[in-house]
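Peer 1: As input, take start11.cif (mmCIF, C-alpha atoms and all ligand atoms):
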```
data_target
loop_
_atom_site.label_atom_id
_atom_site.label_comp_id
_atom_site.auth_asym_id
_atom_site.auth_seq_id
_atom_site.Cartn_x
_atom_site.Cartn_y
_atom_site.Cartn_z
CA MET A 7 106.29 54.24 110.27
CA PHE A 8 108.17 50.95 110.51
CA LYS A 9 106.38 48.51 112.81
CA LEU A 10 108.07 45.14 113.04
CA LYS A 11 104.82 43.33 113.94
CA ASP A 12 103.22 44.52 110.70
CA ILE A 13 105.74 42.81 108.49
CA ILE A 14 106.23 39.43 110.20
CA ARG A 15 104.49 36.37 108.75
CA GLU A 16 101.58 35.49 111.03
CA ASN A 17 102.59 31.87 111.62
CA ILE A 18 106.07 33.07 112.64
CA LEU A 19 104.66 35.70 114.99
CA SER A 20 102.59 33.05 116.79
CA LEU A 21 105.27 30.35 116.59
CA GLN A 22 106.03 28.36 119.71
CA PRO A 23 109.73 27.63 119.09
CA TYR A 24 111.32 24.25 119.80
CA SER A 25 112.98 24.15 123.17
CA SER A 26 116.10 22.00 123.11
CA ALA A 27 117.73 20.30 126.11
CA ARG A 28 120.44 22.95 125.91
CA ASP A 29 117.79 25.69 126.04
CA GLU A 30 116.27 24.42 129.23
CA PHE A 31 119.45 23.89 131.20
CA LYS A 32 122.21 26.38 130.41
CA GLY A 33 124.87 25.65 133.06
CA ASN A 34 128.30 24.21 132.28
CA ALA A 35 129.39 21.74 134.97
CA GLY A 36 127.39 18.67 135.90
CA VAL A 37 126.15 15.27 134.86
CA PHE A 38 124.38 15.71 131.55
CA LEU A 39 121.69 13.10 131.04
CA ASP A 40 119.19 15.36 129.32
CA ALA A 41 119.89 15.23 125.59
CA ASN A 42 120.27 11.53 124.75
CA GLU A 43 123.88 12.15 123.78
CA ASN A 44 126.50 9.42 123.84
CA PRO A 45 128.64 9.93 126.97
CA PHE A 46 131.81 8.81 125.11
CA GLY A 47 133.89 10.57 122.48
CA GLU A 48 135.02 14.07 121.49
CA LEU A 49 132.19 15.45 119.40
CA ASN A 50 129.54 13.68 121.46
CA ARG A 51 127.79 16.76 122.86
CA TYR A 52 125.36 19.03 121.04
CA PRO A 53 126.83 22.46 120.30
CA ASP A 54 125.70 25.66 122.00
CA PRO A 55 122.51 26.51 120.05
CA TYR A 56 123.14 30.24 120.54
CA GLN A 57 126.93 30.25 119.96
CA ARG A 58 127.44 32.38 123.09
CA ALA A 59 131.26 32.33 123.15
CA LEU A 60 131.47 33.41 119.52
CA LYS A 61 128.87 36.15 119.97
CA LEU A 62 130.67 37.46 123.05
CA LYS A 63 133.89 37.81 121.09
CA LEU A 64 132.11 39.46 118.14
CA SER A 65 130.30 41.71 120.57
CA GLU A 66 133.61 42.99 121.97
CA LEU A 67 135.12 43.41 118.53
CA LYS A 68 132.16 45.19 116.92
CA LYS A 69 130.81 46.97 120.01
CA ILE A 70 127.36 45.47 119.47
CA PRO A 71 125.43 43.71 122.27
CA SER A 72 125.31 39.90 121.96
CA ASP A 73 121.51 39.91 121.71
CA GLN A 74 121.82 41.91 118.51
CA ILE A 75 123.88 39.19 116.84
CA PHE A 76 122.68 36.10 114.97
CA ILE A 77 125.00 33.39 113.64
CA GLY A 78 123.94 31.37 110.62
CA ASN A 79 125.18 28.37 108.68
CA GLY A 80 126.75 30.82 106.24
CA SER A 81 125.03 34.06 105.17
CA ASP A 82 123.05 31.91 102.81
CA GLU A 83 121.07 30.53 105.76
CA ILE A 84 120.44 34.09 106.95
CA ILE A 85 119.10 35.12 103.53
CA ASP A 86 116.77 32.11 103.50
CA LEU A 87 115.54 32.81 107.05
CA THR A 88 114.86 36.43 106.11
CA PHE A 89 112.43 35.27 103.41
CA ARG A 90 110.83 32.74 105.74
CA ILE A 91 110.33 35.19 108.61
CA PHE A 92 108.96 38.17 106.71
CA CYS A 93 107.48 36.97 103.42
CA ASN A 94 104.24 35.04 102.92
CA PRO A 95 104.74 32.54 100.05
CA ASN A 96 102.87 33.39 96.85
CA LYS A 97 101.87 36.76 98.27
CA ASP A 98 104.71 38.97 99.44
CA LYS A 99 107.65 40.42 97.53
CA ALA A 100 111.27 41.35 98.02
CA LEU A 101 113.40 43.70 95.95
CA THR A 102 117.04 43.92 94.94
CA PHE A 103 119.31 45.90 92.60
CA THR A 104 120.77 44.02 89.67
CA PRO A 105 123.24 42.74 88.66
CA THR A 106 123.84 41.32 92.13
CA TYR A 107 124.40 38.17 94.20
CA GLY A 108 122.41 35.27 92.74
CA MET A 109 121.32 33.76 96.06
CA TYR A 110 118.61 36.40 96.65
CA ASP A 111 116.91 35.18 93.49
CA VAL A 112 117.31 31.46 94.22
CA SER A 113 116.23 31.83 97.84
CA ALA A 114 113.19 33.91 96.79
CA ALA A 115 112.20 31.23 94.28
CA ILE A 116 112.56 28.43 96.84
CA ASN A 117 110.31 30.36 99.21
CA ALA A 118 107.78 31.23 96.46
CA ILE A 119 108.43 34.96 96.78
CA GLU A 120 108.55 37.35 93.86
CA LEU A 121 111.90 39.19 93.73
CA ILE A 122 111.63 42.58 92.02
CA LYS A 123 114.86 43.38 90.19
CA VAL A 124 115.63 47.08 89.84
CA PRO A 125 118.56 47.71 87.49
CA LEU A 126 121.54 49.68 88.77
CA THR A 127 122.68 52.78 86.86
CA ALA A 128 125.53 52.64 84.32
CA GLU A 129 127.89 53.44 87.24
CA PHE A 130 126.34 50.53 89.18
CA GLN A 131 124.58 52.79 91.69
CA ILE A 132 121.02 52.71 93.03
CA ASP A 133 118.52 54.69 90.93
CA LEU A 134 116.00 56.02 93.47
CA ASN A 135 113.59 57.09 90.71
CA LEU A 136 113.17 53.46 89.70
CA VAL A 137 112.59 52.17 93.23
CA GLU A 138 110.26 54.88 94.57
CA TYR A 139 107.19 53.34 92.97
CA PHE A 140 107.59 50.09 94.92
CA LEU A 141 108.17 51.56 98.39
CA SER A 142 104.49 52.06 99.22
CA ASP A 143 103.51 48.50 98.26
CA SER A 144 102.54 46.82 101.55
CA THR A 145 103.40 43.38 100.15
CA LEU A 146 107.03 44.46 99.66
CA LYS A 147 108.73 43.22 102.82
CA VAL A 148 112.49 43.18 102.27
CA ILE A 149 115.03 45.11 100.17
CA PHE A 150 118.36 43.33 99.67
CA ILE A 151 121.31 45.68 99.15
CA CYS A 152 124.66 44.05 98.49
CA SER A 153 127.38 46.60 99.27
CA PRO A 154 130.16 46.15 98.21
CA ASN A 155 128.16 44.55 95.44
CA ASN A 156 128.88 41.19 93.85
CA PRO A 157 129.69 41.07 90.90
CA THR A 158 130.14 44.82 90.24
CA ALA A 159 132.64 45.18 93.16
CA ASN A 160 131.63 48.73 94.16
CA ILE A 161 130.12 50.16 97.31
CA PHE A 162 126.76 51.95 97.01
CA GLU A 163 126.26 55.64 97.79
CA LYS A 164 125.45 56.14 101.45
CA GLU A 165 122.79 58.82 100.94
CA LYS A 166 120.66 56.56 98.77
CA ILE A 167 120.72 53.69 101.24
CA GLU A 168 119.87 56.12 104.02
CA TYR A 169 116.92 57.43 101.99
CA LEU A 170 115.60 53.87 101.68
CA LEU A 171 116.13 53.20 105.40
CA LYS A 172 114.01 56.26 106.22
CA LYS A 173 111.37 55.86 103.57
CA PHE A 174 110.76 52.10 103.48
CA ASN A 175 108.60 50.45 106.16
CA GLY A 176 110.05 46.99 105.67
CA ILE A 177 113.47 45.40 106.24
CA ILE A 178 116.59 46.84 104.61
CA PHE A 179 119.04 43.93 104.43
CA ILE A 180 122.59 45.13 103.71
CA ASP A 181 124.87 42.30 102.67
CA GLU A 182 128.41 43.26 103.67
CA ALA A 183 130.20 40.03 102.72
CA TYR A 184 133.08 42.13 101.31
CA ILE A 185 133.11 45.07 103.74
CA ASP A 186 136.53 44.19 105.23
CA PHE A 187 138.16 44.77 101.85
CA SER A 188 136.69 48.26 101.62
CA ASP A 189 137.80 51.53 103.18
CA SER A 190 134.17 52.46 103.78
CA GLU A 191 132.51 52.02 107.16
CA SER A 192 130.12 49.22 107.95
CA TRP A 193 126.44 50.03 108.38
CA ILE A 194 126.42 48.34 111.80
CA LYS A 195 127.05 51.79 113.30
CA MET A 196 123.56 52.79 112.15
CA LEU A 197 121.70 49.98 113.91
CA THR A 198 120.70 52.23 116.82
CA LYS A 199 119.22 54.75 114.39
CA TYR A 200 117.25 52.42 112.09
CA PRO A 201 115.10 49.63 113.60
CA ASN A 202 114.47 48.17 110.12
CA LEU A 203 118.18 47.67 109.35
CA MET A 204 119.84 44.26 109.12
CA VAL A 205 123.56 44.02 108.36
CA SER A 206 124.94 40.71 107.22
CA GLN A 207 128.61 39.73 107.28
CA THR A 208 130.45 36.45 106.90
CA PHE A 209 133.56 34.50 107.88
CA SER A 210 133.76 33.17 104.30
CA LYS A 211 135.74 35.95 102.62
CA ALA A 212 138.11 38.24 104.56
CA TRP A 213 138.29 35.80 107.50
CA GLY A 214 139.20 32.93 105.16
CA LEU A 215 136.69 30.39 106.51
CA ALA A 216 134.43 29.59 103.55
CA ALA A 217 134.62 25.88 104.39
CA ALA A 218 133.38 26.45 107.93
CA ARG A 219 130.04 28.07 106.92
CA VAL A 220 129.64 30.83 109.45
CA GLY A 221 127.56 33.91 108.61
CA ILE A 222 126.62 36.77 110.91
CA THR A 223 123.78 39.22 111.01
CA TYR A 224 123.47 42.29 113.20
CA ALA A 225 120.05 43.79 113.85
CA ASN A 226 117.85 45.05 116.68
CA GLU A 227 117.13 42.42 119.32
CA GLU A 228 113.46 41.96 118.33
CA ILE A 229 114.56 40.87 114.86
CA ILE A 230 117.29 38.62 116.27
CA LYS A 231 114.71 36.90 118.50
CA LEU A 232 112.67 35.98 115.44
CA PHE A 233 115.74 34.46 113.80
CA ASN A 234 116.49 32.41 116.93
CA ASN A 235 112.90 31.13 116.95
CA VAL A 236 112.94 30.01 113.34
CA LYS A 237 116.45 28.59 112.87
CA LEU A 238 117.22 24.88 113.26
CA PRO A 239 118.14 24.27 116.92
CA TYR A 240 121.80 23.39 116.28
CA ASN A 241 122.43 25.30 113.06
CA VAL A 242 126.17 25.93 113.56
CA SER A 243 128.32 22.94 114.47
CA ASP A 244 130.77 23.03 117.36
CA LEU A 245 133.70 22.65 114.95
CA ASN A 246 132.52 25.65 112.98
CA GLN A 247 131.93 27.79 116.06
CA LYS A 248 135.46 26.96 117.21
CA ALA A 249 136.93 27.70 113.79
CA ALA A 250 135.35 31.17 113.85
CA LEU A 251 136.45 31.83 117.43
CA ASN A 252 139.94 30.71 116.54
CA ALA A 253 140.06 33.12 113.59
CA LEU A 254 138.97 36.01 115.84
CA SER A 255 141.71 35.10 118.30
CA ASN A 256 144.29 35.23 115.52
CA ALA A 257 143.37 38.66 114.23
CA ASP A 258 146.98 39.42 113.28
CA PHE A 259 147.05 36.55 110.81
CA PHE A 260 143.78 37.83 109.34
CA LYS A 261 145.07 41.41 109.07
CA LYS A 262 148.30 40.29 107.43
CA ASN A 263 146.48 38.26 104.78
CA LEU A 264 144.01 41.07 104.20
CA GLN A 265 146.93 43.42 103.53
CA ILE A 266 148.50 40.96 101.09
CA ILE A 267 145.20 40.66 99.20
CA LYS A 268 144.84 44.45 99.04
CA THR A 269 148.40 44.89 97.75
CA GLU A 270 147.95 42.07 95.23
CA LYS A 271 144.74 43.69 94.03
CA GLN A 272 146.54 46.94 93.19
CA LYS A 273 149.33 45.02 91.45
CA LEU A 274 146.82 42.97 89.47
CA ILE A 275 144.90 46.10 88.40
CA GLU A 276 148.09 47.76 87.11
CA ALA A 277 149.21 44.62 85.28
CA LEU A 278 145.80 43.85 83.75
CA LYS A 279 145.61 47.41 82.40
CA THR A 280 148.61 46.74 80.16
CA LEU A 281 147.02 43.69 78.47
CA THR A 282 145.51 44.12 75.01
CA GLN A 283 142.56 41.86 75.91
CA VAL A 284 141.49 44.11 78.79
CA VAL A 285 139.02 46.88 77.94
CA LYS A 286 138.08 48.19 81.37
CA ILE A 287 138.57 47.41 85.05
CA TYR A 288 135.74 48.59 87.30
CA PRO A 289 136.59 50.18 90.66
CA SER A 290 136.68 47.53 93.40
CA ASP A 291 135.87 47.65 97.12
CA ALA A 292 136.10 43.86 97.30
CA ASN A 293 138.59 41.00 96.86
CA PHE A 294 137.71 40.59 93.21
CA LEU A 295 137.75 42.62 90.03
CA LEU A 296 135.05 43.00 87.42
CA VAL A 297 137.03 43.16 84.20
CA GLU A 298 135.64 43.95 80.78
CA VAL A 299 137.60 42.07 78.13
CA THR A 300 137.46 41.90 74.36
CA ASP A 301 135.62 38.57 74.33
CA ALA A 302 134.62 37.18 77.74
CA ASN A 303 133.22 33.84 76.54
CA LYS A 304 136.33 33.05 74.54
CA ILE A 305 138.86 34.18 77.15
CA TYR A 306 136.92 32.38 79.88
CA SER A 307 137.02 29.05 78.06
CA GLU A 308 140.63 29.47 76.98
CA LEU A 309 141.51 29.99 80.64
CA VAL A 310 139.43 26.98 81.72
CA SER A 311 141.26 24.78 79.21
CA ARG A 312 144.47 25.85 80.97
CA LYS A 313 142.95 25.04 84.37
CA ILE A 314 142.47 28.66 85.42
CA ILE A 315 138.94 29.30 86.58
CA THR A 316 137.46 32.77 86.62
CA ARG A 317 133.75 33.62 86.74
CA ASN A 318 132.19 34.47 83.38
CA ARG A 319 129.69 37.26 84.09
CA ASN A 320 129.02 38.01 80.41
CA ALA A 321 125.31 37.30 80.89
CA LEU A 322 125.10 39.95 83.64
CA VAL A 323 127.56 42.60 82.42
CA LYS A 324 128.57 42.32 78.78
CA ASN A 325 132.03 40.84 78.20
CA CYS A 326 132.92 40.88 81.86
CA LEU A 327 134.89 38.35 83.87
CA ARG A 328 134.91 38.36 87.65
CA ILE A 329 138.40 37.60 88.87
CA THR A 330 139.13 36.80 92.52
CA ILE A 331 142.43 38.04 93.92
CA GLY A 332 144.55 34.95 94.56
CA THR A 333 148.04 34.40 95.94
CA PRO A 334 150.91 36.31 94.25
CA GLU A 335 151.77 33.07 92.38
CA GLU A 336 148.20 32.48 91.20
CA ASN A 337 147.82 36.06 90.02
CA ALA A 338 151.12 35.84 88.12
CA ILE A 339 149.95 32.65 86.37
CA LEU A 340 146.67 34.32 85.39
CA LEU A 341 148.45 37.36 83.94
CA GLN A 342 151.02 35.36 82.02
CA THR A 343 148.33 33.07 80.61
CA ILE A 344 146.10 35.91 79.38
CA LYS A 345 149.15 37.62 77.92
CA ASN A 346 150.01 34.49 75.91
CA LEU A 347 146.50 34.06 74.49
CA SER A 348 146.38 34.85 70.80
CA LEU A 349 143.09 36.76 71.21
C1 LIG A 401 130.32 35.13 99.15
C2 LIG A 401 129.11 35.92 99.50
C3 LIG A 401 128.42 35.66 100.68
C4 LIG A 401 128.90 34.61 101.63
O1 LIG A 401 127.97 33.65 101.84
P1 LIG A 401 128.29 32.53 102.96
O2 LIG A 401 127.05 31.72 102.92
O3 LIG A 401 128.46 33.29 104.25
O4 LIG A 401 129.52 31.81 102.55
C5 LIG A 401 127.34 36.44 101.01
N1 LIG A 401 126.93 37.43 100.19
C6 LIG A 401 127.58 37.71 99.06
C7 LIG A 401 127.14 38.84 98.23
C8 LIG A 401 128.68 36.96 98.67
O5 LIG A 401 129.30 37.23 97.52
#
```
Give the structure from the file, written as structure tokens.

Peer 2:
Amino acid sequence: MFKLKDIIRENILSLQPYSSARDEFKGNAGVFLDANENPFGELNRYPDPYQRALKLKLSELKKIPSDQIFIGNGSDEIIDLTFRIFCNPNKDKALTFTPTYGMYDVSAAINAIELIKVPLTAEFQIDLNLVEYFLSDSTLKVIFICSPNNPTANIFEKEKIEYLLKKFNGIIFIDEAYIDFSDSESWIKMLTKYPNLMVSQTFSKAWGLAAARVGITYANEEIIKLFNNVKLPYNVSDLNQKAALNALSNADFFKKNLQIIKTEKQKLIEALKTLTQVVKIYPSDANFLLVEVTDANKIYSELVSRKIITRNRNALVKNCLRITIGTPEENAILLQTIKNLSL
């Protein structure tokens, strides 16, 4: 049985959170002399510590109550907070399926947590036989599942994730940074069924706001409360909250760009297939392609010398480059350049 209390770090469970001026008085109109702000200027006031306007809009859009939403300074803050809330340094563990997003590893190391890396199958799917052994370990607190996965680009089989949600008594953290590029459904629909589920999304990819640093996590309200207690009081700036709200209000612009990226992806796949340097293109549910080439190190550096930057993933998946879908012009330049390489 999953019991949230059993997996929270003790010091976090007993934490008396900081109460900011904006926590204690929540009204809008009035004379504000409570936060030692400068009365002059445009950015002179502290931002809403709970990003209420943004959560309200997300709540309408996703049909999730506001108290089941947490906003972070990028998903990277949310990953870090997850370690800090659930994992005792030098004692507890987390687990992920590799190759995957590098931040789980870095964040685990910063927090002195061992990250168990379970290799994906040859088709980049979860191998339940390899993970079963770890599920009964009471020091294993969190399983990070990146789906669609970076850098392999695919979505993971639903049944296997569901098995883990049922069987594991810790947190299942599903990182859906790329979900808007996929035809598959988000796991947020399953939040009412699984109290140990956290679903993380971001404004950095499909919403085009990587510079603004706004990440989202959806979970049951008990989990969200913990995140609110542990986060820095003003973790998302007013400018960034407004940027995200603005994007949500311009959903048509977002949808149009999403469609262009999807169309460009199909065009790029077809064109890459015809190149002699391309060995294999893995199926993609994201805005990037994992492409096996004849010699990744060489092609990568040839491209760099021509000012075209891809991600060399040779160390993770042999001879693979990760290529982000760019504008039609950028993709055309990439194709023409690879074509002209004498490799
Ligand atoms: C890009 C990416 C993110 C986004 O992180 P932010 O901090 O929100 O910009 C999260 N997870 C994965 C797997 C990513 O590739």

Peer 1: Using all atoms listed in the file, what are the residues with an atom within 8 Å of ligand LIG 401 (chain A), set out as a list in words?

Peer 2: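 My answer, listing the contacting residues, is Asn79, Gly80, Ser81, Asp82, Glu83, Thr106, Tyr107, Met109, Cys152, Ser153, Pro154, Asn155, Asn156, Pro157, Asp181, Glu182, Ala183, Tyr184, Ser206, Gln207, Thr208, Phe209, Ser210, Lys211, Ala216, Arg219, Val220, Gly221 and Ile222 of chain A.
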
Peer 1: Pick out the closest residue to Ala114 in chain A from this set: A:Gly33, A:Pro45, A:Pro95, A:Pro71. Count all atoms listed in the file.

Peer 2: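 Checking each of A:Gly33, A:Pro45, A:Pro95, A:Pro71 against Ala114 in chain A, counting all atoms listed in the file, the winner is A:Pro95.
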
Peer 1: Just how far from CA of Ile13 in chain A is CA of Asp133 in chain A, in Å to one decimal?

Peer 2: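 Pair CA of Asp133 in chain A / CA of Ile13 in chain A returns 24.8 Å.
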
Peer 1: Could you please determine the separation between CA of Tyr110 in chain A and CA of Val124 in chain A in Å, to one decimal place?

Peer 2: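 Computing the Euclidean distance for CA of Tyr110 in chain A and CA of Val124 in chain A yields 13.0 Å.
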
Peer 1: Find the spatial neighbours of Thr198 in chain A, counting only C-alpha atoms, within a cut-off of 12 Å - ignore same-chain residues fewer than 5 positions away - and output them as a list of chain:residue names.

Peer 2: A:Lys69, A:Ile70, A:Pro71, A:Gln74, A:Trp193, A:Leu203, A:Met204, A:Tyr224, A:Ala225, A:Asn226, A:Glu227

Peer 1: What's the separation between CA of Ser192 in chain A and CA of Lys164 in chain A, in Å to one decimal place?

Peer 2: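 Going from CA of Ser192 in chain A over to CA of Lys164 in chain A covers 10.6 Å.
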
Peer 1: Where does range 41-141 of chain A meet range 272-290 of chain A within 12 Å, residue by residue, with the nearest atom pair and distance in Å to one decimal for each, counting all atoms listed in the file, listed by chain and rising number, as a Markdown table?

Peer 2:
```
| residue | atom | partner | partner_atom | distance |
| --- | --- | --- | --- | --- |
| A:Ala128 | CA | A:Tyr288 | CA | 11.4 |
| A:Glu129 | CA | A:Tyr288 | CA | 9.2 |
| A:Phe130 | CA | A:Tyr288 | CA | 9.8 |
```

Peer 1: Rank nothing, just name the residue among A:Lys345, A:Lys313, A:Arg319, A:Lys248 nearest to Ala59 in chain A, using only C-alpha atoms.

Peer 2: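 Ranking A:Lys345, A:Lys313, A:Arg319, A:Lys248 by distance to Ala59 in chain A, first place goes to A:Lys248.
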
Peer 1: Which residue is closest to Tyr169 in chain A? Choose from A:Thr127, A:Gln22, A:Ser190, A:Asn135 and count only C-alpha atoms.

Peer 2: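 Among the listed residues, the smallest separation from Tyr169 in chain A belongs to A:Asn135.
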
Peer 1: Measuring between only C-alpha atoms, which one of A:Val310, A:Ile178, A:Leu264, A:Val112 shows the shortest distance to Trp213 in chain A?

Peer 2: A:Leu264

Peer 1: Which residues come within 7 Å of Ser26 in chain A, counting all atoms listed in the file, excluding same-chain residues fewer than 3 positions away, as a list in words?

Peer 2: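 What passes the distance filter is Asp29, Glu30 and Pro239 of chain A.
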
Peer 1: Rank A:Leu197, A:Ile177, A:Met7, A:Ala27 by their smallest atom-to-atom distance to Asp40 in chain A, using all atoms listed in the file, and report the top residue only.

Peer 2: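 Nearest candidate to Asp40 in chain A out of A:Leu197, A:Ile177, A:Met7, A:Ala27: A:Ala27.
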